[in-house]
file coords11.txt (compact mmCIF, C-alpha atoms)
# COMPACT_ATOMS: atom_id res chain seq x y z
CA MET M 933 0.00 0.00 0.00
CA HIS M 934 1.42 3.38 -1.01
CA ALA M 935 1.85 6.16 1.51
CA ALA M 936 -0.52 9.09 1.15
CA ALA M 937 0.76 11.80 -1.15
CA SER M 938 0.00 14.42 1.47
CA ALA M 939 2.27 12.85 4.10
CA THR M 940 4.50 15.39 5.84
CA PRO M 941 8.10 15.18 4.61
CA THR M 942 10.84 14.32 7.08
CA ALA M 943 12.25 17.46 8.65
CA ALA M 944 15.85 18.28 7.80
CA LYS M 945 18.25 17.52 10.61
CA ALA M 946 19.67 20.69 12.14
CA ARG M 947 23.42 21.11 11.88
CA PRO M 948 25.10 20.62 15.29
CA THR M 949 26.43 23.79 16.85
CA LEU M 950 29.38 24.53 19.06
CA ARG M 951 26.97 24.89 21.97
CA ASP M 952 25.60 21.38 21.29
CA VAL M 953 29.14 19.99 21.52
CA ALA M 954 29.73 21.89 24.77
CA LEU M 955 26.53 20.53 26.34
CA LEU M 956 27.30 16.94 25.37
CA ALA M 957 30.93 17.17 26.54
CA GLY M 958 30.02 18.95 29.78
CA VAL M 959 32.35 21.88 29.13
CA SER M 960 32.01 25.55 28.21
CA PRO M 961 31.69 26.74 24.58
CA LYS M 962 35.01 28.53 25.02
CA THR M 963 36.70 25.23 25.85
CA VAL M 964 35.24 23.64 22.71
CA SER M 965 36.51 26.58 20.65
CA ARG M 966 40.01 26.18 22.07
CA VAL M 967 40.07 22.46 21.27
CA VAL M 968 38.73 23.02 17.75
CA ASN M 969 41.39 25.67 17.09
CA GLY M 970 44.22 23.59 18.53
CA GLU M 971 45.01 26.01 21.33
CA ALA M 972 46.97 24.96 24.41
CA GLY M 973 45.70 25.01 27.99
CA VAL M 974 42.87 22.44 27.87
CA SER M 975 43.28 19.35 30.07
CA GLU M 976 43.52 15.95 28.42
CA PRO M 977 40.20 14.67 29.91
CA LYS M 978 38.31 17.73 28.66
CA THR M 979 40.00 17.54 25.26
CA ALA M 980 39.03 13.88 24.97
CA ALA M 981 35.43 14.65 25.99
CA VAL M 982 35.17 17.39 23.37
CA ARG M 983 36.56 15.13 20.66
CA ARG M 984 34.11 12.37 21.57
CA ALA M 985 31.22 14.81 21.38
CA ILE M 986 32.44 16.15 18.02
CA ALA M 987 32.58 12.61 16.63
CA GLN M 988 29.19 11.64 18.09
CA LEU M 989 27.45 14.71 16.71
CA ASP M 990 29.43 14.79 13.45
CA TYR M 991 30.14 18.41 14.24
CA ARG M 992 31.88 20.47 11.53
CA PRO M 993 33.38 23.80 12.58
CA ASN M 994 32.46 26.87 10.56
CA PHE M 995 35.74 28.79 10.41
CA THR M 996 34.09 31.82 8.86
CA ALA M 997 31.75 32.35 11.80
CA SER M 998 32.88 35.07 14.17
CA SER M 999 31.98 32.90 17.17
CA LEU M 1000 34.64 30.41 16.12
CA ARG M 1001 37.32 32.89 15.17
CA ARG M 1002 40.57 32.02 16.88
CA SER M 1003 41.58 34.04 19.91
CA SER M 1004 44.41 35.49 17.80
CA GLY M 1005 41.87 36.80 15.28
CA ARG M 1006 42.84 34.31 12.60
CA SER M 1007 40.28 32.91 10.18
CA ALA M 1008 42.15 29.71 9.22
CA ALA M 1009 42.33 30.91 5.61
CA ILE M 1010 45.05 32.33 3.38
CA ALA M 1011 44.26 34.41 0.31
CA ALA M 1012 46.21 33.91 -2.92
CA VAL M 1013 46.03 36.69 -5.50
CA LEU M 1014 47.43 35.07 -8.66
CA GLU M 1015 47.96 36.11 -12.26
CA ASP M 1016 45.54 33.67 -13.92
CA LEU M 1017 44.33 30.45 -12.32
CA ALA M 1018 43.86 28.96 -15.81
CA ASN M 1019 47.58 29.42 -16.55
CA PRO M 1020 49.72 26.32 -15.78
CA PHE M 1021 52.16 28.42 -13.76
CA SER M 1022 49.42 29.86 -11.52
CA ALA M 1023 47.73 26.47 -11.22
CA ALA M 1024 50.94 24.78 -10.03
CA LEU M 1025 51.63 27.62 -7.60
CA HIS M 1026 48.09 27.40 -6.21
CA ARG M 1027 48.34 23.63 -5.77
CA ALA M 1028 51.61 23.90 -3.82
CA LEU M 1029 50.06 26.49 -1.50
CA GLU M 1030 46.99 24.32 -1.07
CA ASP M 1031 49.02 21.22 -0.21
CA ALA M 1032 51.06 23.07 2.42
CA ALA M 1033 47.96 24.71 3.92
CA ARG M 1034 46.05 21.45 4.13
CA ASP M 1035 48.70 20.03 6.46
CA ARG M 1036 47.92 22.90 8.83
CA GLY M 1037 44.13 22.69 8.55
CA VAL M 1038 44.03 25.99 6.67
CA LEU M 1039 42.07 26.85 3.53
CA ILE M 1040 43.34 28.67 0.46
CA PHE M 1041 41.00 30.93 -1.44
CA ALA M 1042 42.27 32.48 -4.64
CA GLY M 1043 41.47 34.90 -7.43
CA SER M 1044 43.00 35.97 -10.77
CA VAL M 1045 44.20 39.53 -11.40
CA ASP M 1046 44.52 39.20 -15.21
CA GLU M 1047 47.22 41.93 -15.30
CA ASP M 1048 44.64 44.42 -14.03
CA PRO M 1049 45.91 46.66 -11.17
CA GLU M 1050 42.37 47.63 -10.18
CA ARG M 1051 41.34 43.98 -9.98
CA GLU M 1052 44.41 43.29 -7.82
CA ARG M 1053 43.35 45.95 -5.31
CA ASP M 1054 39.70 44.85 -5.38
CA LEU M 1055 40.60 41.22 -4.70
CA ILE M 1056 42.96 42.08 -1.88
CA HIS M 1057 40.35 44.38 -0.34
CA ALA M 1058 37.74 41.62 -0.53
CA PHE M 1059 40.08 39.07 1.03
CA THR M 1060 41.25 41.35 3.84
CA MET M 1061 37.65 42.29 4.65
CA ARG M 1062 37.10 38.57 5.21
CA GLN M 1063 40.03 38.65 7.62
CA ALA M 1064 42.37 36.31 5.77
CA ASP M 1065 45.29 35.23 7.96
CA ALA M 1066 47.84 36.06 5.28
CA LEU M 1067 48.25 37.08 1.65
CA VAL M 1068 50.24 35.52 -1.20
CA VAL M 1069 50.35 37.99 -4.08
CA VAL M 1070 51.44 37.88 -7.73
CA PRO M 1071 51.04 41.63 -8.39
CA ALA M 1072 49.80 43.43 -11.47
CA SER M 1073 50.12 47.00 -10.19
CA ASP M 1074 53.35 49.01 -10.08
CA ASP M 1075 52.94 50.13 -6.46
CA GLN M 1076 51.77 48.02 -3.54
CA SER M 1077 52.30 50.58 -0.80
CA TYR M 1078 48.52 50.52 -0.28
CA LEU M 1079 49.11 47.26 1.64
CA ALA M 1080 51.26 48.95 4.28
CA GLY M 1081 48.36 49.09 6.74
CA GLU M 1082 47.86 45.32 6.53
CA VAL M 1083 51.56 44.65 6.98
CA ASN M 1084 51.81 47.05 9.92
CA ALA M 1085 48.79 45.33 11.50
CA GLY M 1086 50.73 42.05 11.44
CA THR M 1087 49.26 40.32 8.40
CA PRO M 1088 52.00 38.23 6.75
CA VAL M 1089 52.34 39.06 3.05
CA VAL M 1090 54.57 37.25 0.56
CA PHE M 1091 54.97 38.23 -3.09
CA VAL M 1092 55.61 35.51 -5.64
CA ASP M 1093 56.99 35.67 -9.20
CA ARG M 1094 57.25 39.48 -9.13
CA PRO M 1095 58.88 41.73 -6.53
CA PRO M 1096 56.87 44.16 -4.39
CA VAL M 1097 57.13 47.89 -5.05
CA GLY M 1098 56.85 50.32 -2.17
CA LEU M 1099 56.33 47.55 0.39
CA PRO M 1100 59.00 45.84 2.55
CA VAL M 1101 57.86 42.20 2.47
CA ASP M 1102 59.31 38.83 1.47
CA ALA M 1103 59.37 37.87 -2.21
CA VAL M 1104 59.86 34.47 -3.83
CA LEU M 1105 61.14 34.85 -7.38
CA ALA M 1106 62.52 32.66 -10.12
CA ASP M 1107 66.07 33.55 -11.09
CA ASN M 1108 64.88 35.30 -14.24
CA HIS M 1109 68.18 36.96 -15.07
CA ASP M 1110 70.28 33.80 -14.98
CA GLY M 1111 67.56 31.75 -16.67
CA ALA M 1112 67.49 34.06 -19.68
CA ALA M 1113 71.28 34.19 -19.77
CA SER M 1114 71.50 30.39 -19.84
CA ALA M 1115 69.19 30.35 -22.89
CA VAL M 1116 71.56 32.67 -24.76
CA HIS M 1117 74.65 30.69 -23.76
CA HIS M 1118 72.93 27.52 -25.00
CA LEU M 1119 71.99 29.01 -28.37
CA VAL M 1120 75.43 30.51 -28.92
CA ALA M 1121 77.00 27.14 -28.12
CA HIS M 1122 74.91 25.69 -30.95
CA GLY M 1123 76.20 28.17 -33.51
CA HIS M 1124 73.77 31.10 -33.25
CA ARG M 1125 74.70 34.76 -33.01
CA THR M 1126 71.61 36.43 -34.45
CA ILE M 1127 69.16 35.59 -31.66
CA ALA M 1128 65.87 37.48 -31.59
CA TYR M 1129 64.26 38.38 -28.28
CA LEU M 1130 60.47 38.22 -27.98
CA GLY M 1131 59.33 39.67 -24.68
CA ASP M 1132 56.26 40.19 -22.53
CA LEU M 1133 54.97 43.58 -21.35
CA GLN M 1134 57.85 45.83 -20.34
CA THR M 1135 55.80 46.98 -17.34
CA ILE M 1136 56.27 43.50 -15.81
CA PRO M 1137 59.42 43.31 -13.66
CA THR M 1138 60.16 39.71 -14.62
CA ALA M 1139 60.11 40.66 -18.31
CA ARG M 1140 62.67 43.39 -17.65
CA GLN M 1141 64.87 40.98 -15.66
CA ARG M 1142 64.81 38.42 -18.45
CA TYR M 1143 65.70 40.99 -21.06
CA GLN M 1144 68.58 42.23 -18.93
CA GLY M 1145 69.91 38.67 -18.58
CA PHE M 1146 69.53 38.21 -22.34
CA ARG M 1147 71.48 41.39 -23.14
CA GLU M 1148 74.30 40.68 -20.68
CA ALA M 1149 74.72 37.13 -21.98
CA LEU M 1150 75.01 38.44 -25.55
CA ALA M 1151 77.72 40.86 -24.40
CA ASP M 1152 79.56 37.98 -22.73
CA HIS M 1153 79.94 36.47 -26.20
CA GLY M 1154 80.99 39.72 -27.86
CA ILE M 1155 77.58 40.23 -29.50
CA ARG M 1156 76.25 43.78 -29.40
CA PRO M 1157 72.66 43.65 -28.04
CA SER M 1158 71.70 46.46 -30.41
CA ALA M 1159 72.69 44.22 -33.35
CA VAL M 1160 70.00 41.62 -32.65
CA PRO M 1161 66.24 42.17 -33.02
CA ALA M 1162 64.07 42.58 -29.93
CA VAL M 1163 60.28 42.79 -29.84
CA HIS M 1164 58.61 43.76 -26.55
CA ASP M 1165 55.07 44.07 -25.19
CA LEU M 1166 53.84 40.77 -26.60
CA HIS M 1167 51.17 39.37 -24.31
CA THR M 1168 49.12 37.06 -26.50
CA GLU M 1169 49.85 34.14 -28.80
CA GLN M 1170 48.63 36.10 -31.81
CA GLU M 1171 50.91 39.06 -31.12
CA SER M 1172 53.86 36.71 -30.85
CA GLU M 1173 52.93 34.83 -34.02
CA ASP M 1174 52.71 38.10 -35.97
CA ALA M 1175 56.05 39.28 -34.59
CA VAL M 1176 57.83 36.07 -35.62
CA ARG M 1177 56.40 36.31 -39.14
CA ARG M 1178 57.77 39.87 -39.44
CA LEU M 1179 61.18 38.87 -38.09
CA LEU M 1180 61.58 35.94 -40.46
CA ALA M 1181 60.50 38.05 -43.44
CA ALA M 1182 63.30 40.57 -42.79
CA GLU M 1183 66.33 40.85 -45.07
CA SER M 1184 68.60 39.34 -42.38
CA PRO M 1185 66.31 37.11 -40.33
CA PRO M 1186 67.38 35.65 -36.99
CA THR M 1187 68.59 32.06 -36.87
CA ALA M 1188 67.27 31.57 -33.32
CA LEU M 1189 64.53 32.88 -31.06
CA PHE M 1190 64.38 33.39 -27.31
CA THR M 1191 60.75 33.68 -26.22
CA SER M 1192 60.44 34.98 -22.68
CA GLN M 1193 56.97 33.74 -21.68
CA ASN M 1194 54.96 30.59 -22.42
CA LEU M 1195 52.17 32.25 -24.42
CA VAL M 1196 54.79 34.05 -26.47
CA THR M 1197 56.52 30.72 -27.04
CA ILE M 1198 53.31 29.09 -28.26
CA GLY M 1199 52.67 31.91 -30.73
CA ALA M 1200 56.23 31.64 -32.05
CA ILE M 1201 55.89 27.87 -32.51
CA ARG M 1202 52.66 28.35 -34.44
CA ALA M 1203 54.36 30.81 -36.78
CA LEU M 1204 57.35 28.53 -37.34
CA GLN M 1205 55.15 25.55 -38.10
CA GLN M 1206 52.91 27.48 -40.49
CA LEU M 1207 55.98 28.75 -42.32
CA GLY M 1208 57.57 25.29 -42.34
CA ARG M 1209 60.62 26.68 -40.49
CA GLN M 1210 60.38 24.76 -37.21
CA HIS M 1211 63.38 22.55 -38.07
CA GLU M 1212 65.50 25.49 -39.31
CA VAL M 1213 65.08 28.22 -36.68
CA ALA M 1214 66.19 27.33 -33.16
CA LEU M 1215 64.00 28.29 -30.22
CA VAL M 1216 64.36 28.35 -26.45
CA GLY M 1217 61.33 29.43 -24.41
CA PHE M 1218 61.15 30.72 -20.84
CA ASP M 1219 58.51 28.70 -18.92
CA ASP M 1220 57.55 25.14 -19.63
CA PHE M 1221 54.02 24.37 -20.83
CA PRO M 1222 51.86 21.26 -21.35
CA LEU M 1223 52.76 19.06 -24.36
CA ALA M 1224 55.97 20.98 -25.07
CA ASP M 1225 57.80 17.65 -25.11
CA LEU M 1226 55.41 16.17 -27.69
CA LEU M 1227 55.80 18.76 -30.44
CA GLN M 1228 58.10 18.28 -33.42
CA PRO M 1229 60.68 19.31 -32.62
CA ALA M 1230 60.11 19.14 -28.87
CA VAL M 1231 60.57 22.53 -27.25
CA THR M 1232 63.69 23.40 -25.30
CA VAL M 1233 62.71 25.51 -22.28
CA ILE M 1234 64.03 27.36 -19.29
CA ALA M 1235 61.74 25.80 -16.70
CA GLN M 1236 60.65 27.65 -13.62
CA ASP M 1237 59.58 25.66 -10.58
CA PRO M 1238 56.23 27.16 -9.50
CA SER M 1239 55.64 24.26 -7.12
CA GLU M 1240 58.86 25.02 -5.26
CA MET M 1241 58.02 28.73 -5.30
CA GLY M 1242 54.65 27.89 -3.74
CA ARG M 1243 56.27 25.71 -1.08
CA VAL M 1244 58.77 28.42 -0.17
CA ALA M 1245 56.00 31.05 0.00
CA ALA M 1246 53.87 28.81 2.21
CA SER M 1247 56.82 28.13 4.51
CA LEU M 1248 57.46 31.87 4.91
CA ILE M 1249 53.78 32.53 5.62
CA PHE M 1250 53.47 29.86 8.29
CA ARG M 1251 56.76 30.82 9.93
CA ARG M 1252 55.44 34.39 10.21
CA LEU M 1253 52.12 33.14 11.57
CA ASP M 1254 54.02 31.05 14.13
CA GLY M 1255 55.69 34.19 15.42
CA GLU M 1256 59.10 34.15 13.72
CA GLN M 1257 60.50 37.52 12.70
CA TRP M 1258 63.23 38.51 10.24
CA ARG M 1259 64.06 41.32 7.86
CA PRO M 1260 62.11 40.83 4.61
CA ARG M 1261 64.22 39.66 1.69
CA THR M 1262 64.06 38.12 -1.77
CA HIS M 1263 64.25 34.33 -2.02
CA LEU M 1264 65.44 33.14 -5.45
CA VAL M 1265 64.39 29.77 -6.87
CA ALA M 1266 66.70 28.41 -9.57
CA THR M 1267 65.52 27.73 -13.11
CA ARG M 1268 66.53 24.70 -15.18
CA LEU M 1269 67.32 24.38 -18.88
CA ILE M 1270 65.57 21.35 -20.41
CA PRO M 1271 67.06 20.53 -23.86
CA ARG M 1272 64.49 18.77 -26.04
CA GLY M 1273 65.36 19.57 -29.62
CA SER M 1274 64.25 23.04 -30.70
CA GLY M 1275 67.13 24.74 -28.90
CA GLU M 1276 69.67 22.32 -30.31
CA ILE M 1277 69.08 23.11 -34.02
CA ARG M 1278 72.49 24.07 -35.34
CA GLY M 1279 73.21 27.62 -36.45
CA PRO M 1280 75.56 28.84 -39.19
CA HIS M 1281 78.47 29.68 -36.87
CA ARG M 1282 80.89 27.04 -35.63
CA ASP M 1283 83.30 27.63 -32.78

call {"tool": "encode", "arguments": {"input": "coords11.txt", "output": "structure tokens"}}
result
Amino acid sequence: MHAAASATPTAAKARPTLRDVALLAGVSPKTVSRVVNGEAGVSEPKTAAVRRAIAQLDYRPNFTASSLRRSSGRSAAIAAVLEDLANPFSAALHRALEDAARDRGVLIFAGSVDEDPERERDLIHAFTMRQADALVVVPASDDQSYLAGEVNAGTPVVFVDRPPVGLPVDAVLADNHDGAASAVHHLVAHGHRTIAYLGDLQTIPTARQRYQGFREALADHGIRPSAVPAVHDLHTEQESEDAVRRLLAAESPPTALFTSQNLVTIGAIRALQQLGRQHEVALVGFDDFPLADLLQPAVTVIAQDPSEMGRVAASLIFRRLDGEQWRPRTHLVATRLIPRGSGEIRGPHRD
């Protein structure tokens, strides 16, 4: 026999509260809060009683609720302001932060700035209004002094990939200068002296560092930087593709390319393939990218280590949160040249 259609549905079970846990454990709500937040000073019997009550009630703390905010004011969350979460570099950086935070019972919430200074400030304002414990920032703006109030209030801030401007905080950077220089040394060793530089926006500090490393490495080999072509302010694949087509159509085209960012590299590869020049013009790109090893030829890259950069940033954040103090400084993470084929195409010059 079927139940009547008008039968009253089962009422939803109310979510257990901190007060419910306190009543069942026979302790005060404050004691439950201290146990939940891992604070010292609660006796072992009371801690055990609270944990039994939590398990029995299937209680899940709400770390965003003000009643559960730690006595230190922390929210058990770190905000990551990244360039673009869809970019492999940002994704790897985010994952490393997430893995380190999970071991501490802390959440990571993140947003993309998309090279927009206003979006950077809006995201940081939104995250600080939610009382994030700390900030990890890949900046888009050219002045971060607006964060001085947060830093002075004790909020740990670490910049990643790009250095801070107008703000004395730790920074975790790839060794952009030496990475770019190693690309030039590699290409010269394979017989190239006319090496074109294709660079990202000149407003980005890392782009300027890579170009400086490129120029100094050319000078090391007696090559005047002004004698080789350089194209700046390329920020999309299409812009890079167009630039490579123009370079290769010149009267004295380059025999090798150094592309200083992964989207620029992809655009250059597309141009080379469409022109049928991919086995003639050597290429070394800064930043690895998915499937680079499967192309023909496979792409030689200067690989950053965003996972290591994320781990270093997380370590600095948690050391600050644990009370350690030191003078802010820049922490460099080494790059690595991965020869795969495109950077080993021989040039016309033999040593």

call {"tool": "closest_residue", "arguments": {"input": "coords11.txt", "among": "M:Asn1019, M:Thr1126, M:Gln1257, M:Thr1168", "to": "Ser1184 (chain M)", "atoms": "only C-alpha atoms"}}
result
M:Thr1126

call {"tool": "atom_distance", "arguments": {"input": "coords11.txt", "atom1": "CA of Ile1234 (chain M)", "atom2": "CA of Val1013 (chain M)"}}
result
24.5 Å

call {"tool": "atom_distance", "arguments": {"input": "coords11.txt", "atom1": "CA of Ala1245 (chain M)", "atom2": "CA of Leu1130 (chain M)"}}
result
29.2 Å

call {"tool": "closest_residue", "arguments": {"input": "coords11.txt", "among": "M:Pro1238, M:Pro948, M:Pro1095, M:Gly1273", "to": "Asp1074 (chain M)", "atoms": "only C-alpha atoms"}}
result
M:Pro1095

call {"tool": "atom_distance", "arguments": {"input": "coords11.txt", "atom1": "CA of Asp1220 (chain M)", "atom2": "CA of Glu1052 (chain M)"}}
result
25.3 Å

call {"tool": "closest_residue", "arguments": {"input": "coords11.txt", "among": "M:Val1196, M:Ala1188, M:Ile1277, M:Ile1136", "to": "Pro1229 (chain M)", "atoms": "all atoms listed in the file"}}
result
M:Ile1277

call {"tool": "closest_residue", "arguments": {"input": "coords11.txt", "among": "M:Glu1173, M:Asp952, M:Asp1219, M:Asp1254", "to": "Leu1207 (chain M)", "atoms": "all atoms listed in the file"}}
result
M:Glu1173

call {"tool": "closest_residue", "arguments": {"input": "coords11.txt", "among": "M:Thr1232, M:Ser1247, M:Thr1197, M:Gln1063", "to": "Asp1031 (chain M)", "atoms": "all atoms listed in the file"}}
result
M:Ser1247

call {"tool": "residues_around", "arguments": {"input": "coords11.txt", "residues": "Val1089 (chain M)", "least_positions_apart": "5", "cutoff": "7 Å", "atoms": "only C-alpha atoms", "output": "number ranges by chain"}}
result
M: 1066-1068, 1083, 1101

call {"tool": "residues_around", "arguments": {"input": "coords11.txt", "residues": "Ser1073 (chain M)", "least_positions_apart": "5", "cutoff": "8 Å", "atoms": "all atoms listed in the file", "output": "ChimeraX atom specification"}}
result
/M:1047-1050,1052

call {"tool": "residues_around", "arguments": {"input": "coords11.txt", "residues": "Val1231 (chain M)", "least_positions_apart": "3", "cutoff": "9 Å", "atoms": "only C-alpha atoms", "output": "PyMOL selection string"}}
result
chain M and resi 1201+1215-1217+1220+1224-1228+1270-1275

call {"tool": "closest_residue", "arguments": {"input": "coords11.txt", "among": "M:Leu1014, M:Ala1162, M:Ala954, M:Ala1246", "to": "Val1090 (chain M)", "atoms": "all atoms listed in the file"}}
result
M:Ala1246

call {"tool": "residues_around", "arguments": {"input": "coords11.txt", "residues": "region 1109-1123 of chain M", "least_positions_apart": "2", "cutoff": "9 Å", "atoms": "only C-alpha atoms", "output": "PyMOL selection string"}}
result
chain M and resi 1106-1107+1125-1127+1138+1140-1150+1152-1153+1188-1190+1192+1214-1218+1233-1236+1266-1269+1275-1283
